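Asker: Sharing coords25.txt, compact mmCIF, C-alpha atoms:
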# COMPACT_ATOMS: atom_id res chain seq x y z
CA MET A 1 0.50 26.81 2.37
CA LYS A 2 -1.20 25.61 5.57
CA TYR A 3 -1.20 21.99 4.36
CA LEU A 4 2.50 22.08 3.70
CA GLN A 5 3.37 23.83 6.95
CA TYR A 6 1.40 21.45 9.17
CA GLN A 7 3.98 19.48 11.24
CA TRP A 8 6.46 19.92 8.42
CA LYS A 9 9.60 19.67 10.57
CA PRO A 10 9.06 16.19 12.09
CA ARG A 11 7.64 14.91 8.80
CA LEU A 12 10.61 16.23 6.84
CA CYS A 13 12.97 14.66 9.39
CA TYR A 14 11.26 11.27 8.88
CA VAL A 15 11.46 11.60 5.08
CA LEU A 16 15.13 12.63 5.20
CA ALA A 17 16.07 9.91 7.70
CA ILE A 18 14.41 7.17 5.62
CA SER A 19 15.85 8.57 2.38
CA ILE A 20 19.37 8.72 3.83
CA PHE A 21 19.05 5.16 5.19
CA VAL A 22 17.82 3.81 1.83
CA SER A 23 20.53 5.81 0.03
CA ILE A 24 23.24 4.20 2.17
CA LEU A 25 21.82 0.79 1.24
CA LEU A 26 21.87 1.78 -2.44
CA VAL A 27 25.46 3.04 -2.20
CA SER A 28 26.46 -0.39 -0.89
CA LEU A 29 25.75 -1.71 -4.42
CA GLU A 30 29.23 -0.37 -5.15
CA TRP A 31 30.74 -3.38 -3.36
CA THR A 32 28.83 -6.02 -5.30
CA SER A 33 30.35 -8.21 -8.01
CA TRP A 34 27.89 -6.57 -10.45
CA ALA A 35 29.59 -3.19 -9.87
CA GLU A 36 33.04 -4.75 -10.13
CA GLN A 37 32.07 -6.31 -13.46
CA ILE A 38 30.80 -2.99 -14.91
CA ASN A 39 33.88 -1.12 -13.64
CA ALA A 40 36.12 -3.75 -15.24
CA GLN A 41 34.28 -3.56 -18.58
CA GLY A 42 34.17 0.26 -18.61
CA TYR A 43 31.20 2.39 -19.65
CA SER A 44 30.47 5.37 -21.86
CA HIS A 45 27.21 6.54 -23.39
CA GLY A 46 27.99 8.49 -26.57
CA ASP A 47 30.27 11.43 -25.83
CA GLY A 48 28.59 13.91 -28.13
CA GLU A 49 29.07 12.15 -31.45
CA GLY A 50 26.93 13.71 -34.18
CA LYS A 51 26.13 16.78 -32.08
CA SER A 52 28.38 19.07 -34.11
CA LYS A 53 26.22 18.49 -37.24
CA MET A 54 23.02 19.36 -35.38
CA PRO A 55 21.53 22.91 -35.54
CA SER A 56 22.14 24.55 -32.15
CA ILE A 57 18.44 25.20 -31.47
CA LEU A 58 17.73 21.47 -31.76
CA MET A 59 20.32 20.74 -29.08
CA TYR A 60 18.08 22.62 -26.64
CA ILE A 61 14.76 21.30 -27.92
CA LEU A 62 15.48 17.60 -28.58
CA PRO A 63 16.22 16.61 -24.95
CA PHE A 64 12.78 17.92 -23.95
CA VAL A 65 11.12 16.16 -26.91
CA LYS A 66 12.82 12.94 -25.79
CA GLU A 67 11.43 13.45 -22.26
CA LEU A 68 7.93 14.17 -23.54
CA ILE A 69 8.00 10.96 -25.58
CA LEU A 70 9.51 8.84 -22.79
CA ILE A 71 6.91 10.12 -20.30
CA GLY A 72 3.94 10.69 -22.62
CA VAL A 73 3.86 7.43 -24.59
CA PRO A 74 3.83 5.07 -21.54
CA MET A 75 1.30 7.42 -19.90
CA LEU A 76 -1.12 7.28 -22.85
CA ILE A 77 -0.69 3.50 -23.24
CA THR A 78 -1.41 3.00 -19.53
CA VAL A 79 -4.48 5.30 -19.66
CA GLY A 80 -5.74 3.28 -22.65
CA ILE A 81 -5.19 -0.05 -20.88
CA ALA A 82 -6.87 1.25 -17.69
CA LYS A 83 -9.92 2.39 -19.70
CA LEU A 84 -10.13 -0.99 -21.46
CA ILE A 85 -9.92 -2.82 -18.12
CA GLY A 86 -12.58 -0.46 -16.75
CA ARG A 87 -14.95 -1.23 -19.68
CA PHE A 88 -14.49 -4.99 -19.35
CA SER A 89 -15.03 -4.98 -15.59
CA LYS A 90 -18.24 -2.88 -16.04
CA ARG A 91 -19.63 -5.44 -18.52
CA LYS A 92 -19.10 -8.23 -16.01
CA MET B 1 -7.41 29.67 -9.20
CA SER B 2 -6.14 32.17 -6.61
CA ASP B 3 -7.50 30.11 -3.69
CA TRP B 4 -5.30 27.08 -4.39
CA LYS B 5 -3.35 27.49 -1.14
CA GLN B 6 -6.56 27.02 0.88
CA ASN B 7 -7.46 23.71 -0.73
CA LEU B 8 -5.36 20.55 -0.29
CA GLN B 9 -6.19 19.09 -3.70
CA LYS B 10 -5.41 22.34 -5.50
CA THR B 11 -2.19 22.79 -3.50
CA ARG B 12 -1.15 19.28 -4.53
CA TYR B 13 -2.05 20.02 -8.15
CA VAL B 14 0.03 23.21 -8.33
CA MET B 15 2.98 21.65 -6.50
CA ASP B 16 2.83 18.48 -8.63
CA ALA B 17 2.82 20.59 -11.80
CA LEU B 18 5.89 22.46 -10.52
CA LEU B 19 7.51 19.13 -9.65
CA LEU B 20 6.94 17.81 -13.18
CA VAL B 21 8.30 20.97 -14.80
CA SER B 22 11.35 20.99 -12.52
CA PHE B 23 11.90 17.28 -13.18
CA MET B 24 11.88 17.92 -16.93
CA LEU B 25 14.38 20.77 -16.54
CA VAL B 26 16.64 18.67 -14.32
CA SER B 27 16.48 15.69 -16.69
CA ALA B 28 17.85 17.53 -19.72
CA PRO B 29 21.60 17.94 -19.12
CA GLN B 30 22.17 18.08 -22.90
CA ALA B 31 20.12 21.29 -22.96
CA THR B 32 21.12 22.90 -19.66
CA GLY B 33 24.75 21.79 -19.51
CA VAL B 34 26.13 19.45 -16.85
CA PRO B 35 27.02 22.09 -14.18
CA LEU B 36 23.50 23.61 -14.21
CA HIS B 37 22.03 20.08 -14.33
CA GLU B 38 23.88 19.21 -11.11
CA TRP B 39 22.92 22.41 -9.25
CA LEU B 40 19.30 22.12 -10.39
CA SER B 41 19.30 18.51 -9.17
CA LEU B 42 20.26 19.74 -5.72
CA LEU B 43 17.37 22.25 -5.82
CA PHE B 44 15.04 19.53 -7.13
CA ILE B 45 15.14 17.91 -3.67
CA VAL B 46 12.86 20.76 -2.46
CA PRO B 47 9.83 20.14 -4.76
CA PHE B 48 10.35 16.38 -4.34
CA ALA B 49 10.24 16.73 -0.53
CA ILE B 50 7.15 18.98 -0.84
CA HIS B 51 5.48 16.28 -2.96
CA LEU B 52 6.13 13.70 -0.23
CA LEU B 53 4.96 16.04 2.56
CA LEU B 54 1.71 16.85 0.72
CA HIS B 55 0.98 13.13 0.43
CA TRP B 56 1.90 12.35 4.03
CA ASP B 57 -1.41 10.67 4.83
CA TRP B 58 -0.99 8.30 1.90
CA ILE B 59 2.60 7.51 2.95
CA THR B 60 1.62 6.67 6.53
CA HIS B 61 -1.33 4.44 5.54
CA SER B 62 -0.15 2.87 2.29
CA PHE B 63 2.08 0.16 3.78
CA LYS B 64 -0.67 -1.13 6.11
CA ARG B 65 -3.25 -0.98 3.34
CA LEU B 66 -0.99 -3.08 1.15
CA PHE B 67 -1.77 -6.06 3.39
CA SER B 68 -5.51 -5.42 3.58
CA LYS B 69 -8.26 -6.11 1.07
CA ILE B 70 -7.74 -3.44 -1.61
CA SER B 71 -8.31 -3.28 -5.35
CA ALA B 72 -5.65 -4.52 -7.76
CA LYS B 73 -5.27 -0.95 -9.08
CA GLU B 74 -4.56 0.43 -5.60
CA ARG B 75 -2.09 -2.37 -4.86
CA PHE B 76 -0.28 -1.78 -8.16
CA ASN B 77 -0.27 1.99 -7.53
CA THR B 78 1.24 1.51 -4.05
CA VAL B 79 4.00 -0.83 -5.24
CA TRP B 80 4.67 1.45 -8.22
CA ASN B 81 5.02 4.50 -5.97
CA TYR B 82 7.55 2.66 -3.77
CA LEU B 83 9.54 1.61 -6.86
CA LEU B 84 9.43 5.16 -8.20
CA TYR B 85 10.74 6.51 -4.89
CA LEU B 86 13.60 3.98 -4.96
CA MET B 87 14.41 4.83 -8.58
CA MET B 88 14.36 8.58 -7.78
CA LEU B 89 16.77 8.00 -4.89
CA LEU B 90 19.01 5.83 -7.07
CA ALA B 91 19.11 8.46 -9.85
CA THR B 92 19.85 11.22 -7.31
CA ILE B 93 22.50 9.33 -5.35
CA SER B 94 24.25 8.03 -8.47
CA GLY B 95 24.14 11.57 -9.86
CA PHE B 96 26.00 12.88 -6.82
CA LEU B 97 28.52 10.04 -7.15
CA VAL B 98 29.36 11.03 -10.75
CA SER B 99 29.33 14.77 -10.08
CA VAL B 100 31.91 16.75 -12.07
CA ALA B 101 30.74 20.25 -11.11
CA LEU B 102 28.78 20.33 -7.85
CA LEU B 103 30.99 18.26 -5.54
CA PRO B 104 34.31 19.68 -6.84
CA THR B 105 32.90 23.21 -6.22
CA LEU B 106 32.10 22.15 -2.66
CA GLN B 107 35.72 20.90 -2.32
CA ILE B 108 34.58 17.27 -2.17
CA ASP B 109 36.78 14.91 -4.18
CA ILE B 110 35.30 11.66 -5.42
CA ASN B 111 36.59 8.83 -7.55
CA ILE B 112 33.99 8.50 -10.34
CA GLN B 113 33.25 4.86 -11.13
CA ASP B 114 31.87 3.58 -14.43
CA PHE B 115 29.33 1.60 -12.41
CA TRP B 116 27.71 4.79 -11.07
CA SER B 117 27.82 6.45 -14.51
CA LYS B 118 25.89 3.51 -15.95
CA ILE B 119 23.46 3.39 -13.03
CA HIS B 120 22.82 7.14 -13.28
CA HIS B 121 22.22 7.02 -17.02
CA ASP B 122 20.00 3.93 -16.87
CA SER B 123 17.98 4.97 -13.80
CA ALA B 124 17.44 8.50 -15.18
CA THR B 125 16.16 7.02 -18.46
CA LEU B 126 14.00 4.37 -16.77
CA ILE B 127 12.42 6.89 -14.41
CA MET B 128 10.71 8.73 -17.28
CA PRO B 129 8.37 5.91 -18.41
CA MET B 130 7.86 5.11 -14.71
CA ILE B 131 6.64 8.69 -14.18
CA GLY B 132 4.44 8.35 -17.26
CA ILE B 133 2.73 5.32 -15.70
CA HIS B 134 2.55 7.13 -12.33
CA LEU B 135 0.75 10.04 -14.04
CA ALA B 136 -1.58 7.64 -15.88
CA LEU B 137 -2.60 6.04 -12.57
CA HIS B 138 -3.77 9.49 -11.44
CA TRP B 139 -5.26 10.48 -14.80
CA ASN B 140 -8.84 10.98 -13.57
CA TRP B 141 -7.64 13.16 -10.68
CA MET B 142 -5.51 15.25 -13.06
CA VAL B 143 -8.40 15.78 -15.50
CA GLN B 144 -10.82 16.69 -12.67
CA LEU B 145 -8.39 19.10 -11.04
CA THR B 146 -7.45 20.70 -14.36
CA LYS B 147 -11.15 21.42 -14.97
CA ARG B 148 -11.51 22.85 -11.47
CA MET B 149 -8.36 24.95 -11.78
CA VAL B 150 -9.36 26.51 -15.08
CA GLY B 151 -12.78 27.27 -13.63
CA LYS B 152 -15.05 24.89 -15.56
CA LYS B 153 -16.22 23.38 -12.31
CA ALA B 154 -16.13 25.00 -8.85
Once you've parsed the file, please lay out its structure as structure tokens.
Answerer:
Amino acid sequence: MKYLQYQWKPRLCYVLAISIFVSILLVSLEWTSWAEQINAQGYSHGDGEGKSKMPSILMYILPFVKELILIGVPMLITVGIAKLIGRFSKRK
Amino acid sequence: MSDWKQNLQKTRYVMDALLLVSFMLVSAPQATGVPLHEWLSLLFIVPFAIHLLLHWDWITHSFKRLFSKISAKERFNTVWNYLLYLMMLLATISGFLVSVALLPTLQIDINIQDFWSKIHHDSATLIMPMIGIHLALHWNWMVQLTKRMVGKKA
């Protein structure tokens, strides 16, 4: 782990300081009219409807299938586009 | 494969693989349950910080390089990485602000707002295709390193 240990303390301090600073800026979104509007409208995203009919094993598998699709499909599309761009730029 | 700690690229590969697996575990609260999801999210900060530390050189040079003559792919990759970092912070921070298990256990009371529930749900969903594109931008590196790690190429 020599690469990880090299100057890890000051580097980690920088990363944490920047992350905390950016996080404080993000938390300030709470005071925008956008936040007020969403709080006034209310929000819920499906509190388990339909889950009771689902076989229990699927409840553990489906979230990971959803992740694989949400990560994998854009990844494969982007790889395809990058290869197409690469072929066209080689022809030129 | 045993020498991965002595090689920066292999160290990055192993740590990035662990980061991806831990991200997938953290991002499935329907499977793990919300309390475990929240505690795992706290632990997830460790592999995420390791990922940033192992790419320190890129972090320190990327901003300057953004304003120099670089390829469109590199420029897109740099901007995408910054956006991904912001989205990761937003998902993490909003997750803490809607905590129903972690913060109450730590005796911290918060007033959960619908705004943060929506932001957490949306950012956590949006981050997945963003990671997919992030992985695609490093596809050649992943394929090369996978071959090296399984011993096809020294």
Asker: Taking all atoms listed in the file into account, produce a table as a tab-separated table in which each residue of chain B with an atom at most 6 Å from an atom of chain A appears once, together with its shortest atom pair and the distance in Å to one decimal, ordered by chain and rising number.
Answerer:
residue	atom	partner	partner_atom	distance
B:Lys5	CA	A:Met1	CA	5.3
B:Ala28	CA	A:Pro63	CA	5.6
B:Ala31	CA	A:Tyr60	CA	4.4
B:Asp114	CA	A:Asn39	CA	5.2
B:Phe115	CA	A:Ala35	CA	5.4
B:Met128	CA	A:Ile71	CA	5.0
B:Pro129	CA	A:Ile71	CA	4.8
B:Gly132	CA	A:Met75	CA	4.2
B:Ile133	CA	A:Met75	CA	4.9
B:Ala136	CA	A:Met75	CA	5.0
Asker: Restrict the selected residues to C-alpha atoms and save them as an mmCIF file, keeping the file's coordinate frame.
Answerer:
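To be explicit, this is the file written out as again28.cif:
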data_model
loop_
_atom_site.group_PDB
_atom_site.id
_atom_site.type_symbol
_atom_site.label_atom_id
_atom_site.label_comp_id
_atom_site.auth_asym_id
_atom_site.auth_seq_id
_atom_site.Cartn_x
_atom_site.Cartn_y
_atom_site.Cartn_z
ATOM 1 C CA LYS B 5 -3.350 27.490 -1.140
ATOM 2 C CA ALA B 28 17.850 17.530 -19.720
ATOM 3 C CA ALA B 31 20.120 21.290 -22.960
ATOM 4 C CA ASP B 114 31.870 3.580 -14.430
ATOM 5 C CA PHE B 115 29.330 1.600 -12.410
ATOM 6 C CA MET B 128 10.710 8.730 -17.280
ATOM 7 C CA PRO B 129 8.370 5.910 -18.410
ATOM 8 C CA GLY B 132 4.440 8.350 -17.260
ATOM 9 C CA ILE B 133 2.730 5.320 -15.700
ATOM 10 C CA ALA B 136 -1.580 7.640 -15.880
#
Asker: Please determine, counting only C-alpha atoms, which residue among B:Gln9, B:Ser62, B:Ser22, B:Ser71 has the shortest atom-to-atom distance to Val46 (chain B).
Answerer: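 That would be B:Ser22, the residue with the smallest distance to Val46 (chain B).
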Asker: Can you measure CA of Ala49 (chain B) to CA of Ser28 (chain A) for me? One decimal in Å is fine.
Answerer: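 Going from CA of Ala49 (chain B) over to CA of Ser28 (chain A) covers 23.6 Å.
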Asker: Taking all atoms of region 138-151 of chain B that appear in the file, build a box with edges along x, y and z, extend it by 5 Å on every side, and state its centre and edge lengths in Å to one decimal, as JSON.
Answerer:
{"center_x": -8.3, "center_y": 18.4, "center_z": -13.1, "size_x": 19.0, "size_y": 27.8, "size_z": 14.8}
Asker: Work out how far CA of Ala124 (chain B) is from CA of Met87 (chain B), in Å to one decimal.
Answerer: 8.1 Å
Asker: Could you tell me how far CA of Ile127 (chain B) sits from CA of Val21 (chain B), in Å to one decimal place?
Answerer: 14.7 Å
Asker: So which residues touch Gly95 (chain B) within 9 Å, counting all atoms listed in the file, skipping near sequence neighbours fewer than 5 positions away, as a list in words?
Answerer: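 The residues that qualify are Glu38, Ser41, Leu90, Trp116, Ser117, Ile119, His120 and His121 of chain B.
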Asker: Residues within 12 Å of Leu43 (chain B), please, as a list in words. Count only C-alpha atoms; anything in the same chain fewer than 5 positions from it doesn't count.
Answerer: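 Selected residues are Leu19, Ser22, Phe23, Leu25, Val26, Leu36, His37, Glu38, Phe48, Ala49, Ile50, Thr92 and Leu102 of chain B.
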Asker: Kindly complete region 107-143 of chain B to N, CA and C atoms; the output should be written as a PDB file, in the coordinates of the input.
Answerer:
ATOM      1  N   GLN B 107      34.425  21.440  -2.802  1.00  0.00           N
ATOM      2  CA  GLN B 107      35.720  20.900  -2.320  1.00  0.00           C
ATOM      3  C   GLN B 107      35.619  19.454  -1.875  1.00  0.00           C
ATOM      4  N   ILE B 108      34.704  18.699  -2.506  1.00  0.00           N
ATOM      5  CA  ILE B 108      34.580  17.270  -2.170  1.00  0.00           C
ATOM      6  C   ILE B 108      35.119  16.476  -3.355  1.00  0.00           C
ATOM      7  N   ASP B 109      36.177  15.710  -3.107  1.00  0.00           N
ATOM      8  CA  ASP B 109      36.780  14.910  -4.180  1.00  0.00           C
ATOM      9  C   ASP B 109      36.206  13.504  -4.163  1.00  0.00           C
ATOM     10  N   ILE B 110      35.782  13.046  -5.331  1.00  0.00           N
ATOM     11  CA  ILE B 110      35.300  11.660  -5.420  1.00  0.00           C
ATOM     12  C   ILE B 110      35.954  10.961  -6.605  1.00  0.00           C
ATOM     13  N   ASN B 111      36.055   9.644  -6.460  1.00  0.00           N
ATOM     14  CA  ASN B 111      36.590   8.830  -7.550  1.00  0.00           C
ATOM     15  C   ASN B 111      35.384   8.315  -8.344  1.00  0.00           C
ATOM     16  N   ILE B 112      35.179   8.863  -9.549  1.00  0.00           N
ATOM     17  CA  ILE B 112      33.990   8.500 -10.340  1.00  0.00           C
ATOM     18  C   ILE B 112      34.160   7.105 -10.930  1.00  0.00           C
ATOM     19  N   GLN B 113      33.194   6.243 -10.629  1.00  0.00           N
ATOM     20  CA  GLN B 113      33.250   4.860 -11.130  1.00  0.00           C
ATOM     21  C   GLN B 113      32.304   4.696 -12.313  1.00  0.00           C
ATOM     22  N   ASP B 114      32.717   3.870 -13.264  1.00  0.00           N
ATOM     23  CA  ASP B 114      31.870   3.580 -14.430  1.00  0.00           C
ATOM     24  C   ASP B 114      30.531   2.995 -13.999  1.00  0.00           C
ATOM     25  N   PHE B 115      30.564   2.224 -12.924  1.00  0.00           N
ATOM     26  CA  PHE B 115      29.330   1.600 -12.410  1.00  0.00           C
ATOM     27  C   PHE B 115      28.280   2.668 -12.132  1.00  0.00           C
ATOM     28  N   TRP B 116      28.680   3.746 -11.430  1.00  0.00           N
ATOM     29  CA  TRP B 116      27.710   4.790 -11.070  1.00  0.00           C
ATOM     30  C   TRP B 116      27.296   5.604 -12.288  1.00  0.00           C
ATOM     31  N   SER B 117      28.196   5.753 -13.265  1.00  0.00           N
ATOM     32  CA  SER B 117      27.820   6.450 -14.510  1.00  0.00           C
ATOM     33  C   SER B 117      26.720   5.675 -15.222  1.00  0.00           C
ATOM     34  N   LYS B 118      26.899   4.351 -15.286  1.00  0.00           N
ATOM     35  CA  LYS B 118      25.890   3.510 -15.950  1.00  0.00           C
ATOM     36  C   LYS B 118      24.572   3.527 -15.177  1.00  0.00           C
ATOM     37  N   ILE B 119      24.676   3.395 -13.858  1.00  0.00           N
ATOM     38  CA  ILE B 119      23.460   3.390 -13.030  1.00  0.00           C
ATOM     39  C   ILE B 119      22.721   4.717 -13.174  1.00  0.00           C
ATOM     40  N   HIS B 120      23.467   5.825 -13.182  1.00  0.00           N
ATOM     41  CA  HIS B 120      22.820   7.140 -13.280  1.00  0.00           C
ATOM     42  C   HIS B 120      22.119   7.291 -14.629  1.00  0.00           C
ATOM     43  N   HIS B 121      22.808   6.911 -15.686  1.00  0.00           N
ATOM     44  CA  HIS B 121      22.220   7.020 -17.020  1.00  0.00           C
ATOM     45  C   HIS B 121      20.988   6.136 -17.154  1.00  0.00           C
ATOM     46  N   ASP B 122      21.110   4.883 -16.717  1.00  0.00           N
ATOM     47  CA  ASP B 122      20.000   3.930 -16.870  1.00  0.00           C
ATOM     48  C   ASP B 122      18.803   4.293 -15.973  1.00  0.00           C
ATOM     49  N   SER B 123      19.096   4.657 -14.712  1.00  0.00           N
ATOM     50  CA  SER B 123      17.980   4.970 -13.800  1.00  0.00           C
ATOM     51  C   SER B 123      17.276   6.253 -14.252  1.00  0.00           C
ATOM     52  N   ALA B 124      18.047   7.237 -14.733  1.00  0.00           N
ATOM     53  CA  ALA B 124      17.440   8.500 -15.180  1.00  0.00           C
ATOM     54  C   ALA B 124      16.586   8.285 -16.431  1.00  0.00           C
ATOM     55  N   THR B 125      16.968   7.319 -17.263  1.00  0.00           N
ATOM     56  CA  THR B 125      16.160   7.020 -18.460  1.00  0.00           C
ATOM     57  C   THR B 125      14.920   6.221 -18.074  1.00  0.00           C
ATOM     58  N   LEU B 126      15.106   5.243 -17.178  1.00  0.00           N
ATOM     59  CA  LEU B 126      14.000   4.370 -16.770  1.00  0.00           C
ATOM     60  C   LEU B 126      12.929   5.136 -15.978  1.00  0.00           C
ATOM     61  N   ILE B 127      13.360   6.166 -15.272  1.00  0.00           N
ATOM     62  CA  ILE B 127      12.420   6.890 -14.410  1.00  0.00           C
ATOM     63  C   ILE B 127      11.358   7.629 -15.224  1.00  0.00           C
ATOM     64  N   MET B 128      11.680   7.965 -16.470  1.00  0.00           N
ATOM     65  CA  MET B 128      10.710   8.730 -17.280  1.00  0.00           C
ATOM     66  C   MET B 128       9.461   7.911 -17.619  1.00  0.00           C
ATOM     67  N   PRO B 129       9.607   6.691 -18.212  1.00  0.00           N
ATOM     68  CA  PRO B 129       8.370   5.910 -18.410  1.00  0.00           C
ATOM     69  C   PRO B 129       7.692   5.548 -17.088  1.00  0.00           C
ATOM     70  N   MET B 130       8.475   5.402 -16.020  1.00  0.00           N
ATOM     71  CA  MET B 130       7.860   5.110 -14.710  1.00  0.00           C
ATOM     72  C   MET B 130       6.976   6.278 -14.274  1.00  0.00           C
ATOM     73  N   ILE B 131       7.441   7.510 -14.522  1.00  0.00           N
ATOM     74  CA  ILE B 131       6.640   8.690 -14.180  1.00  0.00           C
ATOM     75  C   ILE B 131       5.400   8.763 -15.082  1.00  0.00           C
ATOM     76  N   GLY B 132       5.592   8.376 -16.355  1.00  0.00           N
ATOM     77  CA  GLY B 132       4.440   8.350 -17.260  1.00  0.00           C
ATOM     78  C   GLY B 132       3.335   7.445 -16.732  1.00  0.00           C
ATOM     79  N   ILE B 133       3.722   6.267 -16.249  1.00  0.00           N
ATOM     80  CA  ILE B 133       2.730   5.320 -15.700  1.00  0.00           C
ATOM     81  C   ILE B 133       2.148   5.859 -14.389  1.00  0.00           C
ATOM     82  N   HIS B 134       3.000   6.499 -13.582  1.00  0.00           N
ATOM     83  CA  HIS B 134       2.550   7.130 -12.330  1.00  0.00           C
ATOM     84  C   HIS B 134       1.480   8.188 -12.633  1.00  0.00           C
ATOM     85  N   LEU B 135       1.720   9.001 -13.655  1.00  0.00           N
ATOM     86  CA  LEU B 135       0.750  10.040 -14.040  1.00  0.00           C
ATOM     87  C   LEU B 135      -0.542   9.385 -14.547  1.00  0.00           C
ATOM     88  N   ALA B 136      -0.397   8.312 -15.333  1.00  0.00           N
ATOM     89  CA  ALA B 136      -1.580   7.640 -15.880  1.00  0.00           C
ATOM     90  C   ALA B 136      -2.461   7.075 -14.774  1.00  0.00           C
ATOM     91  N   LEU B 137      -1.833   6.612 -13.690  1.00  0.00           N
ATOM     92  CA  LEU B 137      -2.600   6.040 -12.570  1.00  0.00           C
ATOM     93  C   LEU B 137      -3.406   7.107 -11.834  1.00  0.00           C
ATOM     94  N   HIS B 138      -3.037   8.386 -12.066  1.00  0.00           N
ATOM     95  CA  HIS B 138      -3.770   9.490 -11.440  1.00  0.00           C
ATOM     96  C   HIS B 138      -4.450  10.363 -12.499  1.00  0.00           C
ATOM     97  N   TRP B 139      -4.732   9.762 -13.652  1.00  0.00           N
ATOM     98  CA  TRP B 139      -5.260  10.480 -14.800  1.00  0.00           C
ATOM     99  C   TRP B 139      -6.600  11.171 -14.472  1.00  0.00           C
ATOM    100  N   ASN B 140      -7.520  10.411 -13.866  1.00  0.00           N
ATOM    101  CA  ASN B 140      -8.840  10.980 -13.570  1.00  0.00           C
ATOM    102  C   ASN B 140      -8.730  12.182 -12.633  1.00  0.00           C
ATOM    103  N   TRP B 141      -7.857  12.060 -11.626  1.00  0.00           N
ATOM    104  CA  TRP B 141      -7.640  13.160 -10.680  1.00  0.00           C
ATOM    105  C   TRP B 141      -7.073  14.381 -11.420  1.00  0.00           C
ATOM    106  N   MET B 142      -6.126  14.136 -12.323  1.00  0.00           N
ATOM    107  CA  MET B 142      -5.510  15.250 -13.060  1.00  0.00           C
ATOM    108  C   MET B 142      -6.536  15.962 -13.934  1.00  0.00           C
ATOM    109  N   VAL B 143      -7.386  15.174 -14.613  1.00  0.00           N
ATOM    110  CA  VAL B 143      -8.400  15.780 -15.500  1.00  0.00           C
ATOM    111  C   VAL B 143      -9.397  16.592 -14.666  1.00  0.00           C
TER     112      VAL B 143
END
